[in-house]
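**Student:** Right, I'll just put the structure down here and ask away after.
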Amino acid sequence: MTKSAEELDAIVIGAGFSGIYMLHKLREMGLRTRVFEAGEGVGGAWYWNRYPGARCDSESYFYCFFFSDEILQEWTWSERFPAQPEIERYLNFVTDRLDLRKDMTFNSRVTSAVYDEETKRWTVEASTGEKATARYVVTAIGGLTSTATNLPNIPGIEDFKGEWYHTGNWPKEGVDFSGKRVGVIGTGSTGIQAVPEIAKTAKHLTVFQRTPAYIMPAKNHPLSEEYVEEVKANYPEIKEKVRSHWGGQPYDAPAYSFKEVSLDEAERLQEEYWNNGGLRVIQLFKEGTQDPATREFTENFFREKVRSIVKDPVKAEILEPKGYPMGAKRIALDTNYYETFNLPHVDVVNVKKTPITNFTETGVMVGGKEYPIDILVLATGYDAVTGPFRKMDIRGRGGIKLAERLEDGPRAYLGMSFAGFPNLLAISGPCNPALSTNVPASIEHDVEWIADLIEHCEKEGFAVVEPTQEAEDEWTEETQTKAVNSVFTEADSWQFGSNVPGKPRRFLIWLGGLHKFRERCKEVTDADYAGFKFTR
Ligand code: NAP
């Protein structure tokens with residue numbers, strides 16, 4: 001006998017930062033809500049990304065929820081940049097603190113969500129065969145996720161007889177590299193973190209690099225008790241700064257102008273910022289990476305650093321960032337990445353110059369030469385933002401498929417709603433600023449805005465809310481316009497979708513910054529939810 005579908009008010013898909021807070025908000029409103037989560041536990045990206053070295057690039061004291069003063073005071077971060085296990089522990093702590101687990105179903109990947117125009121309800125089905133219906137569906141699936149990893153379009157992976165793993169789907173039990181010949185493909189934020197850790201135990205490590213990244217030192221360290229106390233005492237101010245900053249970071253605006261300081265002074269300051277580490281390394285000058293002269297100075301500084309750290313000039317030349325302007329691809333943080341290439345058992349191969357042709361049973365072929373490999377690590381990124389939506393069978397009015405609507409590129413109103421998909425709301429969806437910011441800060445905004453919208457429907461007795469086609473078209477176009485003059489146009493990247501063969505080159509992120517996005521969303525609310533249609 002088949003189990004009948006559970007009848008709910010709301011369904012949330014995913015139990016990462018977004019799903020956890022969304023469930024809390026919906027329960028506060030008294031809505032019967034269930035979260036479906038593919039993993040065995042909470043965490044989302046921080047559940048699946050347990051590859052060696054996985055660590056956050058934002059500082060722990062602001063890579064967290066700000067909605068609860070109690071949680072801010074009760075949780076204590078141990079390091080400047082938290083590692084994956086600590087973030088996973090934090091998200092478990094919040095889940096239990098708010099008693100959310102009882103409304104979460106784990107090991108349950110949502111495969112479809114179908115809207116019924118007569119009943120005005122969604123039916124959601126999971127990989128387990130379980131079904132539930134609800135008036136609202138909120139996607140909390142993230143933009144860089146295990147469901148939509150980007151496997152390199154290199155033939156022969158099925159021939160390879162060794163072990164291979166994508167970093168975004170890392171096995172929970174870990175991988176033992178000791179005594180093995182390891183190959184890493186991909187040198188974005190992920191590969192850069194994994195390489196130094198893998199090198200610690202591997203017998204030999206070959207890094208296959210296509211594009212050299214611009215990399216800054218994290219200068220990670222444990223946090224002292226005094227520092228933690230000071231942060232906790234200042235949380236109200238930090239929260240205000242996070243909410244009013246372009247990138248959702250509580251940093252002050254750059255204090256110096258490149259044009260106004262001497263070259264010697266610029267070098268001294270850049271060195272000082274480099275030694276302090278973190279994302280602030282490139283937030284030194286007011287001109288930022290958009291100004292060619294400032295950028296050239298900073299790019300040369302980075303290249304000089306590589307040459308001074310990496311002793312072998314051949315390796316250094318391969319690793320030096322070049323061929324595209326700094327900032328056109330995401331800048332990464334490292335801990336001992338360049339230093340790792342001074343180890344005799346670690347090599348780097350330039351696969352831009354000579355591309356990988358295929359995998360063999362025993363290794364990787366580059367220019368007719370086989371590199372023997374026992375374990376292959378694919379740090380090759382994601383089919384970002386639209387990818388996770390297109391992996392699910394989401395059908396709105398008249399059976400229209402969201403996967404097809406997103407085929408030609410990202411589209412959504414305010415990066416949170418889709419025309420023709422009533423009561424379907426997306427946290428950090430396509431055309432949203434989240435992935436250009438400190439992500440939890442954007443998530444917190446989206447969750448609160450979506451909760452307000454749902455509350456408005458409940459109070460006013462509206463059964464259905466959806467954006468107009470016109471509003472969605474305009475926001476979609478604005479997203480592209482904002483990217484036109486940005487440095488991102490000057491390289492291929494996941495932000496442009498141009499890392500995935502065949503994906504349309506359309507910018508996936510609204511580039512106005514979190515502070516402006518908050519203002520725009522508030523204007524929409526204040527104008528009686530301009531751009532939305534409500535039906536009773
Ligand atoms: P990514 O930035 O897309 O990097 C993928 C890497 O794989 C690139 O070096 C790419 O080279 C390479 N690659 C892809 N296909 C290849 C092929 N066929 N042959 C050779 N190389 C190939 O992915 P990611 O490193 O996983 O990072 C994705 C995003 O996740 C980051 O930008 C960041 O937003 C987030 N992230 C954050 C953290 C953190 O906070 N610490 C850590 C990890 C990731 P090309 O550049 O030439 O395409």
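So you can find residues: chains in the structure tokens are A, B, ... in the order shown, residues in each start at 1, and ligands are numbered from 1 in order.
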For the interface of chain A with ligand 1 (cut-off 8 Å, counting only C-alpha atoms and all ligand atoms), please tabulate each contacting residue of chain A alongside its nearest pair of atoms and their separation in Å to one decimal, rows sorted by chain and increasing number, as a Markdown table.
**Tutor:**
```
| residue | atom | partner | partner_atom_place_in_ligand_line | distance |
| --- | --- | --- | --- | --- |
| A:Ala54 | CA | ligand 1 | 42 (C) | 6.3 |
| A:Arg55 | CA | ligand 1 | 41 (N) | 4.9 |
| A:Cys56 | CA | ligand 1 | 41 (N) | 3.8 |
| A:Asp57 | CA | ligand 1 | 40 (O) | 3.9 |
| A:Ser58 | CA | ligand 1 | 40 (O) | 6.4 |
| A:Leu144 | CA | ligand 1 | 30 (O) | 6.2 |
| A:Asn150 | CA | ligand 1 | 15 (N) | 7.4 |
| A:Leu151 | CA | ligand 1 | 15 (N) | 6.9 |
| A:Pro152 | CA | ligand 1 | 18 (N) | 4.0 |
| A:Asn153 | CA | ligand 1 | 18 (N) | 5.4 |
| A:Ile154 | CA | ligand 1 | 18 (N) | 6.0 |
| A:Thr167 | CA | ligand 1 | 26 (O) | 7.3 |
| A:Gly168 | CA | ligand 1 | 26 (O) | 7.2 |
| A:Ile185 | CA | ligand 1 | 21 (N) | 5.4 |
| A:Gly186 | CA | ligand 1 | 7 (O) | 3.2 |
| A:Thr187 | CA | ligand 1 | 9 (O) | 3.7 |
| A:Gly188 | CA | ligand 1 | 25 (O) | 3.4 |
| A:Ser189 | CA | ligand 1 | 25 (O) | 3.9 |
| A:Thr190 | CA | ligand 1 | 25 (O) | 3.7 |
| A:Gly191 | CA | ligand 1 | 25 (O) | 5.6 |
| A:Ile192 | CA | ligand 1 | 25 (O) | 7.4 |
| A:Gln193 | CA | ligand 1 | 42 (C) | 7.3 |
| A:Phe208 | CA | ligand 1 | 20 (C) | 6.5 |
| A:Gln209 | CA | ligand 1 | 21 (N) | 6.0 |
| A:Arg210 | CA | ligand 1 | 47 (O) | 4.4 |
| A:Thr211 | CA | ligand 1 | 47 (O) | 4.1 |
| A:Pro212 | CA | ligand 1 | 9 (O) | 7.2 |
| A:Ala213 | CA | ligand 1 | 9 (O) | 7.4 |
| A:Lys329 | CA | ligand 1 | 2 (O) | 7.5 |
| A:Arg330 | CA | ligand 1 | 32 (O) | 5.2 |
| A:Ile331 | CA | ligand 1 | 32 (O) | 7.6 |
| A:Ala332 | CA | ligand 1 | 41 (N) | 7.4 |
| A:Leu333 | CA | ligand 1 | 41 (N) | 6.9 |
| A:Val351 | CA | ligand 1 | 20 (C) | 6.4 |
| A:Lys352 | CA | ligand 1 | 47 (O) | 7.3 |
| A:Pro355 | CA | ligand 1 | 19 (N) | 7.1 |
| A:Ile356 | CA | ligand 1 | 19 (N) | 6.5 |
| A:Leu378 | CA | ligand 1 | 7 (O) | 7.5 |
| A:Ala379 | CA | ligand 1 | 7 (O) | 5.5 |
| A:Thr380 | CA | ligand 1 | 7 (O) | 3.4 |
| A:Gly381 | CA | ligand 1 | 23 (O) | 3.2 |
| A:Tyr382 | CA | ligand 1 | 3 (O) | 6.0 |
| A:Leu435 | CA | ligand 1 | 34 (O) | 6.6 |
| A:Ser436 | CA | ligand 1 | 34 (O) | 7.8 |
| A:Asp492 | CA | ligand 1 | 48 (O) | 6.6 |
| A:Ser493 | CA | ligand 1 | 48 (O) | 6.3 |
| A:Trp494 | CA | ligand 1 | 3 (O) | 5.4 |
| A:Asn499 | CA | ligand 1 | 48 (O) | 5.5 |
| A:Val500 | CA | ligand 1 | 15 (N) | 7.9 |
```
**Student:** Find, counting only C-alpha atoms, the residue in A:Ala527, A:Ala38, A:Leu453, A:Ile394 that gets nearest to A:Asn107.
**Tutor:**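 Answer, going by the shortest atom-to-atom distance: A:Ala38.
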**Student:** What are the nearest atom pairs, with distances in Å to one decimal, for all residues of stretch 102-206 of chain A that come at most 12 Å from stretch 359-377 of chain A, using only C-alpha atoms, set out by chain and rising residue number as JSON lines?
**Tutor:**
```
{"residue": "A:Leu151", "atom": "CA", "partner": "A:Val377", "partner_atom": "CA", "distance": 10.9}
{"residue": "A:Pro152", "atom": "CA", "partner": "A:Phe359", "partner_atom": "CA", "distance": 10.9}
{"residue": "A:Asn153", "atom": "CA", "partner": "A:Phe359", "partner_atom": "CA", "distance": 10.8}
{"residue": "A:Ile154", "atom": "CA", "partner": "A:Phe359", "partner_atom": "CA", "distance": 7.3}
{"residue": "A:Pro155", "atom": "CA", "partner": "A:Phe359", "partner_atom": "CA", "distance": 6.4}
{"residue": "A:Gly156", "atom": "CA", "partner": "A:Phe359", "partner_atom": "CA", "distance": 4.8}
{"residue": "A:Ile157", "atom": "CA", "partner": "A:Phe359", "partner_atom": "CA", "distance": 5.6}
{"residue": "A:Glu158", "atom": "CA", "partner": "A:Phe359", "partner_atom": "CA", "distance": 8.4}
{"residue": "A:Asp159", "atom": "CA", "partner": "A:Glu361", "partner_atom": "CA", "distance": 5.1}
{"residue": "A:Phe160", "atom": "CA", "partner": "A:Glu361", "partner_atom": "CA", "distance": 4.0}
{"residue": "A:Lys161", "atom": "CA", "partner": "A:Glu361", "partner_atom": "CA", "distance": 5.0}
{"residue": "A:Gly162", "atom": "CA", "partner": "A:Asp374", "partner_atom": "CA", "distance": 5.0}
{"residue": "A:Glu163", "atom": "CA", "partner": "A:Ile375", "partner_atom": "CA", "distance": 4.9}
{"residue": "A:Trp164", "atom": "CA", "partner": "A:Leu376", "partner_atom": "CA", "distance": 4.5}
{"residue": "A:Tyr165", "atom": "CA", "partner": "A:Val377", "partner_atom": "CA", "distance": 5.2}
{"residue": "A:His166", "atom": "CA", "partner": "A:Val377", "partner_atom": "CA", "distance": 6.0}
{"residue": "A:Thr167", "atom": "CA", "partner": "A:Val377", "partner_atom": "CA", "distance": 6.9}
{"residue": "A:Gly168", "atom": "CA", "partner": "A:Val377", "partner_atom": "CA", "distance": 10.4}
{"residue": "A:Asn169", "atom": "CA", "partner": "A:Val377", "partner_atom": "CA", "distance": 10.8}
{"residue": "A:Trp170", "atom": "CA", "partner": "A:Val377", "partner_atom": "CA", "distance": 9.7}
{"residue": "A:Pro171", "atom": "CA", "partner": "A:Val377", "partner_atom": "CA", "distance": 12.0}
{"residue": "A:Val175", "atom": "CA", "partner": "A:Ile375", "partner_atom": "CA", "distance": 9.2}
{"residue": "A:Asp176", "atom": "CA", "partner": "A:Ile375", "partner_atom": "CA", "distance": 9.4}
{"residue": "A:Phe177", "atom": "CA", "partner": "A:Ile375", "partner_atom": "CA", "distance": 7.6}
{"residue": "A:Ser178", "atom": "CA", "partner": "A:Ile375", "partner_atom": "CA", "distance": 10.5}
{"residue": "A:Gly179", "atom": "CA", "partner": "A:Asp374", "partner_atom": "CA", "distance": 9.6}
{"residue": "A:Lys180", "atom": "CA", "partner": "A:Asp374", "partner_atom": "CA", "distance": 5.9}
{"residue": "A:Arg181", "atom": "CA", "partner": "A:Ile373", "partner_atom": "CA", "distance": 5.0}
{"residue": "A:Val182", "atom": "CA", "partner": "A:Ile375", "partner_atom": "CA", "distance": 4.8}
{"residue": "A:Gly183", "atom": "CA", "partner": "A:Leu376", "partner_atom": "CA", "distance": 4.8}
{"residue": "A:Val184", "atom": "CA", "partner": "A:Val377", "partner_atom": "CA", "distance": 4.7}
{"residue": "A:Ile185", "atom": "CA", "partner": "A:Val377", "partner_atom": "CA", "distance": 6.3}
{"residue": "A:Gly186", "atom": "CA", "partner": "A:Val377", "partner_atom": "CA", "distance": 8.6}
{"residue": "A:Thr187", "atom": "CA", "partner": "A:Val377", "partner_atom": "CA", "distance": 11.1}
{"residue": "A:Thr190", "atom": "CA", "partner": "A:Val377", "partner_atom": "CA", "distance": 10.7}
{"residue": "A:Gly191", "atom": "CA", "partner": "A:Val377", "partner_atom": "CA", "distance": 8.7}
{"residue": "A:Ala194", "atom": "CA", "partner": "A:Val377", "partner_atom": "CA", "distance": 9.1}
{"residue": "A:Val195", "atom": "CA", "partner": "A:Val377", "partner_atom": "CA", "distance": 9.7}
{"residue": "A:Ile198", "atom": "CA", "partner": "A:Val377", "partner_atom": "CA", "distance": 9.8}
{"residue": "A:Ala202", "atom": "CA", "partner": "A:Ile375", "partner_atom": "CA", "distance": 9.6}
{"residue": "A:Lys203", "atom": "CA", "partner": "A:Asp374", "partner_atom": "CA", "distance": 10.2}
{"residue": "A:His204", "atom": "CA", "partner": "A:Ile373", "partner_atom": "CA", "distance": 8.9}
{"residue": "A:Leu205", "atom": "CA", "partner": "A:Ile373", "partner_atom": "CA", "distance": 8.7}
{"residue": "A:Thr206", "atom": "CA", "partner": "A:Tyr371", "partner_atom": "CA", "distance": 8.1}
```
**Student:** Just how far from atom CA of A:His456 is atom CA of A:Ser68, in Å to one decimal?
**Tutor:**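 Atom-to-atom, atom CA of A:Ser68 and atom CA of A:His456 are spaced 22.6 Å apart.
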**Student:** Taking the DSSP secondary structure from the backbone, can you list the residues of stretch 290-365 of chain A that are strand (DSSP E or B), as a PyMOL selection string?
**Tutor:** chain A and resi 332-334+346-350+356-359+363-365
**Student:** Between atom CA of A:Phe66 and atom CA of A:Lys239, what distance in Å does the model show, to one decimal?
**Tutor:**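 Value for the atom CA of A:Phe66-atom CA of A:Lys239 distance: 6.6 Å.
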**Student:** May I have the residues within 10 Å of stretch 324-328 of chain A as an NGL selection string, using only C-alpha atoms and disregarding those fewer than 5 positions away in the same chain?
**Tutor:** :A and (211-215 or 282 or 288-290 or 292 or 295-296 or 298-299 or 302 or 486-493 or 495)
**Student:** Using only C-alpha atoms, find the one residue out of A:Phe285, A:Phe93, A:Phe341, A:Phe389 that sits nearest to A:Ser112.
**Tutor:**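 The shortest atom-to-atom distance to A:Ser112 comes from A:Phe389.
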